[in-house]
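What follows is coords.pdb (PDB, C-alpha atoms, pLDDT in the B column).
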```pdb
ATOM      1  CA  SER A   1       0.000   0.000   0.000  1.00 77.00           C
ATOM      2  CA  TYR A   2       0.987   3.618  -0.390  1.00 81.00           C
ATOM      3  CA  LEU A   3       1.327   4.208   3.352  1.00 81.00           C
ATOM      4  CA  ASN A   4       3.813   1.336   3.684  1.00 87.00           C
ATOM      5  CA  TRP A   5       5.802   2.585   0.705  1.00 89.00           C
ATOM      6  CA  ARG A   6       5.762   6.144   2.064  1.00 87.00           C
ATOM      7  CA  ALA A   7       6.932   4.937   5.485  1.00 88.00           C
ATOM      8  CA  SER A   8       9.880   3.224   3.782  1.00 91.00           C
ATOM      9  CA  LEU A   9      11.139   6.669   2.725  1.00 90.00           C
ATOM     10  CA  GLY A  10      11.502   7.744   6.353  1.00 87.00           C
ATOM     11  CA  SER A  11      10.061  10.711   8.190  1.00 86.00           C
ATOM     12  CA  GLU A  12      11.996  13.239   6.079  1.00 85.00           C
ATOM     13  CA  PRO A  13      12.120  11.987   2.465  1.00 87.00           C
ATOM     14  CA  GLU A  14      14.792  13.412   0.219  1.00 88.00           C
ATOM     15  CA  GLN A  15      13.657  16.214  -2.073  1.00 87.00           C
ATOM     16  CA  GLY A  16      13.110  14.972  -5.609  1.00 85.00           C
ATOM     17  CA  THR A  17      11.186  12.372  -7.551  1.00 87.00           C
ATOM     18  CA  HIS A  18      10.344   9.040  -5.946  1.00 91.00           C
ATOM     19  CA  ARG A  19       8.883   6.136  -7.888  1.00 91.00           C
ATOM     20  CA  TRP A  20       6.334   3.684  -6.546  1.00 92.00           C
ATOM     21  CA  GLN A  21       4.897   0.729  -8.471  1.00 92.00           C
ATOM     22  CA  PRO A  22       1.860  -0.642  -6.605  1.00 91.00           C
ATOM     23  CA  ALA A  23       0.949  -3.011  -9.464  1.00 92.00           C
ATOM     24  CA  GLU A  24       2.552  -4.317 -12.641  1.00 91.00           C
ATOM     25  CA  ASN A  25       0.781  -1.807 -14.881  1.00 91.00           C
ATOM     26  CA  VAL A  26       0.639   1.098 -12.415  1.00 89.00           C
ATOM     27  CA  HIS A  27       3.554   3.501 -12.079  1.00 86.00           C
ATOM     28  CA  VAL A  28       3.408   6.454  -9.710  1.00 87.00           C
ATOM     29  CA  GLN A  29       5.865   9.321  -9.513  1.00 85.00           C
ATOM     30  CA  VAL A  30       5.838  11.332  -6.314  1.00 85.00           C
ATOM     31  CA  HIS A  31       7.569  14.702  -6.547  1.00 83.00           C
ATOM     32  CA  HIS A  32       8.540  15.649  -3.008  1.00 83.00           C
ATOM     33  CA  THR A  33       9.518  19.292  -3.251  1.00 82.00           C
ATOM     34  CA  ASP A  34       8.610  22.816  -2.294  1.00 82.00           C
ATOM     35  CA  ALA A  35       5.858  23.702  -4.756  1.00 81.00           C
ATOM     36  CA  ARG A  36       7.302  27.202  -5.192  1.00 82.00           C
ATOM     37  CA  ASP A  37      10.459  25.616  -6.649  1.00 82.00           C
ATOM     38  CA  PHE A  38       8.721  23.133  -8.953  1.00 81.00           C
ATOM     39  CA  GLY A  39       8.933  23.924 -12.671  1.00 78.00           C
ATOM     40  CA  PHE A  40       5.345  23.166 -13.732  1.00 74.00           C
ATOM     41  CA  ASP A  41       6.679  23.199 -17.277  1.00 76.00           C
ATOM     42  CA  GLU A  42       5.128  20.218 -19.034  1.00 75.00           C
ATOM     43  CA  ILE A  43       1.475  20.782 -19.915  1.00 72.00           C
ATOM     44  CA  GLY A  44      -0.727  17.759 -19.246  1.00 74.00           C
ATOM     45  CA  MET A  45       1.894  16.002 -17.133  1.00 82.00           C
ATOM     46  CA  PHE A  46      -0.164  14.883 -14.117  1.00 87.00           C
ATOM     47  CA  ASP A  47      -3.329  12.881 -13.510  1.00 89.00           C
ATOM     48  CA  VAL A  48      -3.559  14.017  -9.877  1.00 91.00           C
ATOM     49  CA  ILE A  49      -1.811  16.578  -7.707  1.00 91.00           C
ATOM     50  CA  TYR A  50      -2.019  16.060  -3.954  1.00 88.00           C
ATOM     51  CA  PHE A  51      -1.426  19.596  -2.739  1.00 89.00           C
ATOM     52  CA  ASP A  52      -0.557  19.700   0.947  1.00 83.00           C
ATOM     53  CA  PRO A  53       0.884  23.071   1.982  1.00 84.00           C
ATOM     54  CA  PHE A  54      -0.038  24.703   5.238  1.00 78.00           C
ATOM     55  CA  ASP A  55      -3.298  26.605   5.114  1.00 76.00           C
ATOM     56  CA  ALA A  56      -3.858  29.873   3.299  1.00 80.00           C
ATOM     57  CA  ARG A  57      -3.112  32.000   6.378  1.00 84.00           C
ATOM     58  CA  GLU A  58       0.395  30.522   6.705  1.00 86.00           C
ATOM     59  CA  ASN A  59       1.287  30.228   3.000  1.00 87.00           C
ATOM     60  CA  PRO A  60      -0.897  32.754   1.193  1.00 90.00           C
ATOM     61  CA  ASP A  61       1.274  32.774  -1.960  1.00 92.00           C
ATOM     62  CA  LEU A  62       0.522  29.070  -2.568  1.00 93.00           C
ATOM     63  CA  TRP A  63      -3.229  29.710  -2.552  1.00 93.00           C
ATOM     64  CA  GLN A  64      -3.308  32.598  -5.027  1.00 94.00           C
ATOM     65  CA  PRO A  65      -5.226  31.954  -8.268  1.00 95.00           C
ATOM     66  CA  SER A  66      -2.056  32.695 -10.270  1.00 93.00           C
ATOM     67  CA  PHE A  67      -0.189  29.884  -8.480  1.00 93.00           C
ATOM     68  CA  LEU A  68      -3.134  27.481  -8.693  1.00 94.00           C
ATOM     69  CA  GLU A  69      -3.375  28.186 -12.440  1.00 92.00           C
ATOM     70  CA  ARG A  70       0.150  26.782 -12.821  1.00 90.00           C
ATOM     71  CA  MET A  71      -1.053  23.475 -11.398  1.00 90.00           C
ATOM     72  CA  HIS A  72      -4.225  23.563 -13.504  1.00 92.00           C
ATOM     73  CA  ARG A  73      -2.056  23.844 -16.624  1.00 89.00           C
ATOM     74  CA  VAL A  74       0.013  20.729 -15.876  1.00 88.00           C
ATOM     75  CA  LEU A  75      -2.964  18.465 -15.158  1.00 90.00           C
ATOM     76  CA  LYS A  76      -4.145  16.081 -17.861  1.00 88.00           C
ATOM     77  CA  LEU A  77      -7.676  16.422 -19.181  1.00 85.00           C
ATOM     78  CA  HIS A  78     -10.063  15.697 -16.281  1.00 88.00           C
ATOM     79  CA  GLY A  79      -7.137  15.834 -13.853  1.00 92.00           C
ATOM     80  CA  ARG A  80      -7.699  16.478 -10.160  1.00 95.00           C
ATOM     81  CA  LEU A  81      -6.089  18.626  -7.518  1.00 95.00           C
ATOM     82  CA  VAL A  82      -6.709  17.241  -4.023  1.00 94.00           C
ATOM     83  CA  THR A  83      -6.083  19.222  -0.851  1.00 92.00           C
ATOM     84  CA  TYR A  84      -7.001  19.115   2.818  1.00 89.00           C
ATOM     85  CA  CYS A  85      -7.855  22.807   2.793  1.00 89.00           C
ATOM     86  CA  VAL A  86     -11.615  23.308   2.375  1.00 90.00           C
ATOM     87  CA  ASN A  87     -12.142  26.935   3.358  1.00 89.00           C
ATOM     88  CA  ARG A  88     -14.235  29.360   1.319  1.00 92.00           C
ATOM     89  CA  ARG A  89     -11.343  31.577   0.168  1.00 91.00           C
ATOM     90  CA  VAL A  90      -9.428  28.598  -1.193  1.00 92.00           C
ATOM     91  CA  LYS A  91     -12.551  27.348  -2.951  1.00 94.00           C
ATOM     92  CA  GLU A  92     -12.962  30.776  -4.596  1.00 96.00           C
ATOM     93  CA  ALA A  93      -9.287  30.888  -5.632  1.00 95.00           C
ATOM     94  CA  LEU A  94      -9.595  27.404  -7.159  1.00 96.00           C
ATOM     95  CA  ARG A  95     -12.645  28.538  -9.155  1.00 96.00           C
ATOM     96  CA  GLU A  96     -10.781  31.615 -10.365  1.00 96.00           C
ATOM     97  CA  ALA A  97      -7.874  29.373 -11.461  1.00 95.00           C
ATOM     98  CA  GLY A  98     -10.195  27.281 -13.644  1.00 94.00           C
ATOM     99  CA  PHE A  99     -11.113  24.463 -11.272  1.00 96.00           C
ATOM    100  CA  GLU A 100     -14.470  23.184 -10.130  1.00 95.00           C
ATOM    101  CA  PRO A 101     -13.894  22.511  -6.395  1.00 96.00           C
ATOM    102  CA  ARG A 102     -16.043  20.409  -4.108  1.00 94.00           C
ATOM    103  CA  ALA A 103     -15.628  19.168  -0.570  1.00 92.00           C
ATOM    104  CA  VAL A 104     -15.912  15.411  -0.045  1.00 92.00           C
ATOM    105  CA  ARG A 105     -15.645  13.163   2.992  1.00 89.00           C
ATOM    106  CA  GLY A 106     -12.016  12.705   3.991  1.00 84.00           C
ATOM    107  CA  PRO A 107     -10.189   9.430   4.531  1.00 80.00           C
ATOM    108  CA  LYS A 108     -11.073   7.269   7.519  1.00 81.00           C
ATOM    109  CA  GLY A 109      -9.023   8.381  10.496  1.00 77.00           C
ATOM    110  CA  GLY A 110      -8.053  11.627   8.743  1.00 75.00           C
ATOM    111  CA  LYS A 111      -9.605  15.023   8.220  1.00 78.00           C
ATOM    112  CA  ARG A 112     -13.380  15.166   8.087  1.00 84.00           C
ATOM    113  CA  ASP A 113     -13.445  16.800   4.637  1.00 90.00           C
ATOM    114  CA  VAL A 114     -11.025  17.249   1.765  1.00 91.00           C
ATOM    115  CA  MET A 115     -11.311  19.255  -1.444  1.00 93.00           C
ATOM    116  CA  ILE A 116     -11.222  17.721  -4.900  1.00 95.00           C
ATOM    117  CA  ALA A 117     -10.860  20.335  -7.613  1.00 96.00           C
ATOM    118  CA  THR A 118     -11.459  19.212 -11.188  1.00 94.00           C
ATOM    119  CA  GLN A 119     -10.977  21.057 -14.422  1.00 83.00           C
ATOM    120  CA  VAL A 120     -14.121  22.945 -15.392  1.00 73.00           C
ATOM    121  CA  GLY A 121     -16.167  20.717 -17.658  1.00 57.00           C
ATOM    122  CA  ALA A 122     -15.038  17.443 -16.054  1.00 51.00           C
ATOM    123  CA  SER A 123     -18.118  15.703 -14.724  1.00 47.00           C
ATOM    124  CA  ALA A 124     -18.280  14.765 -11.056  1.00 47.00           C
ATOM    125  CA  ALA A 125     -19.903  11.526 -12.241  1.00 45.00           C
ATOM    126  CA  ASP A 126     -16.608  10.731 -14.047  1.00 46.00           C
ATOM    127  CA  ASP A 127     -14.724  11.053 -10.789  1.00 46.00           C
ATOM    128  CA  SER A 128     -12.955   7.760 -10.218  1.00 46.00           C
ATOM    129  CA  LEU A 129     -10.653   9.273  -7.616  1.00 47.00           C
ATOM    130  CA  ARG A 130     -11.278   7.904  -4.156  1.00 44.00           C
ATOM    131  CA  VAL A 131      -9.670   9.709  -1.249  1.00 42.00           C
TER     132      VAL A 131
END
```
Any chance you could put this one into structure tokens?
Amino acid sequence: SYLNWRASLGSEPEQGTHRWQPAENVHVQVHHTDARDFGFDEIGMFDVIYFDPFDARENPDLWQPSFLERMHRVLKLHGRLVTYCVNRRVKEALREAGFEPRAVRGPKGGKRDVMIATQVGASAADDSLRV
């Protein structure tokens, strides 16, 4: 499982790209880095971005529509941005950046709600992502 693989990296994983292969035909790249330093160069590079900075009061620059637009651009068609932050201001910034955000029940034993932001036009019924 992902949690076992993640634990194998230790409490402070090295910055950079880590590869995890949970099944023969499934390859996952985890980019562990400060989002402000990430290039976001290749359009349509990601299926999902798990965005986990501190909340908007502590890292306001990471929650600006202009920064969120950078992540929108590198998501594949119908890609998702997932974050633990579910406040109203973040939801508005995600909308302004071109996402359609919605709060969903969080993982068992975790936060009560999480936000899944899809590209505008991607149907919630198409959402195969399970948090």
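Candidate residues A:Thr83, A:Gln64, A:Thr33, A:Arg89 were compared for distance to Arg105 (chain A), and the nearest is A:Thr83, using only C-alpha atoms.
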Exercise for the section: Check which residues satisfy the PyMOL selection byres ((chain A and resi 22) around 12) in the file shown, then give them as an MDAnalysis selection string. Expected result: chainID A and resid 1:6 19:21 23:29
Problem - Length of the CA of Ile43 (chain A) to CA of Leu9 (chain A) vector [Å] - result: 28.4 Å
Exercise for the section: Please write the residues picked by the PyMOL selection byres ((chain A and resi 78) around 8) on this file as an MDAnalysis selection string. Expected result: chainID A and resid 47 75:77 79:80 118:119 122
Taking all atoms of region 81-100 of chain A that the file lists, what box with edges along x, y and z, padded by 5 Å per side, do you get, with centre and edge lengths in Å to one decimal, as lines of an AutoDock Vina configuration file?
```
center_x = -10.3
center_y = 24.4
center_z = -5.1
size_x = 18.4
size_y = 24.4
size_z = 27.0
```
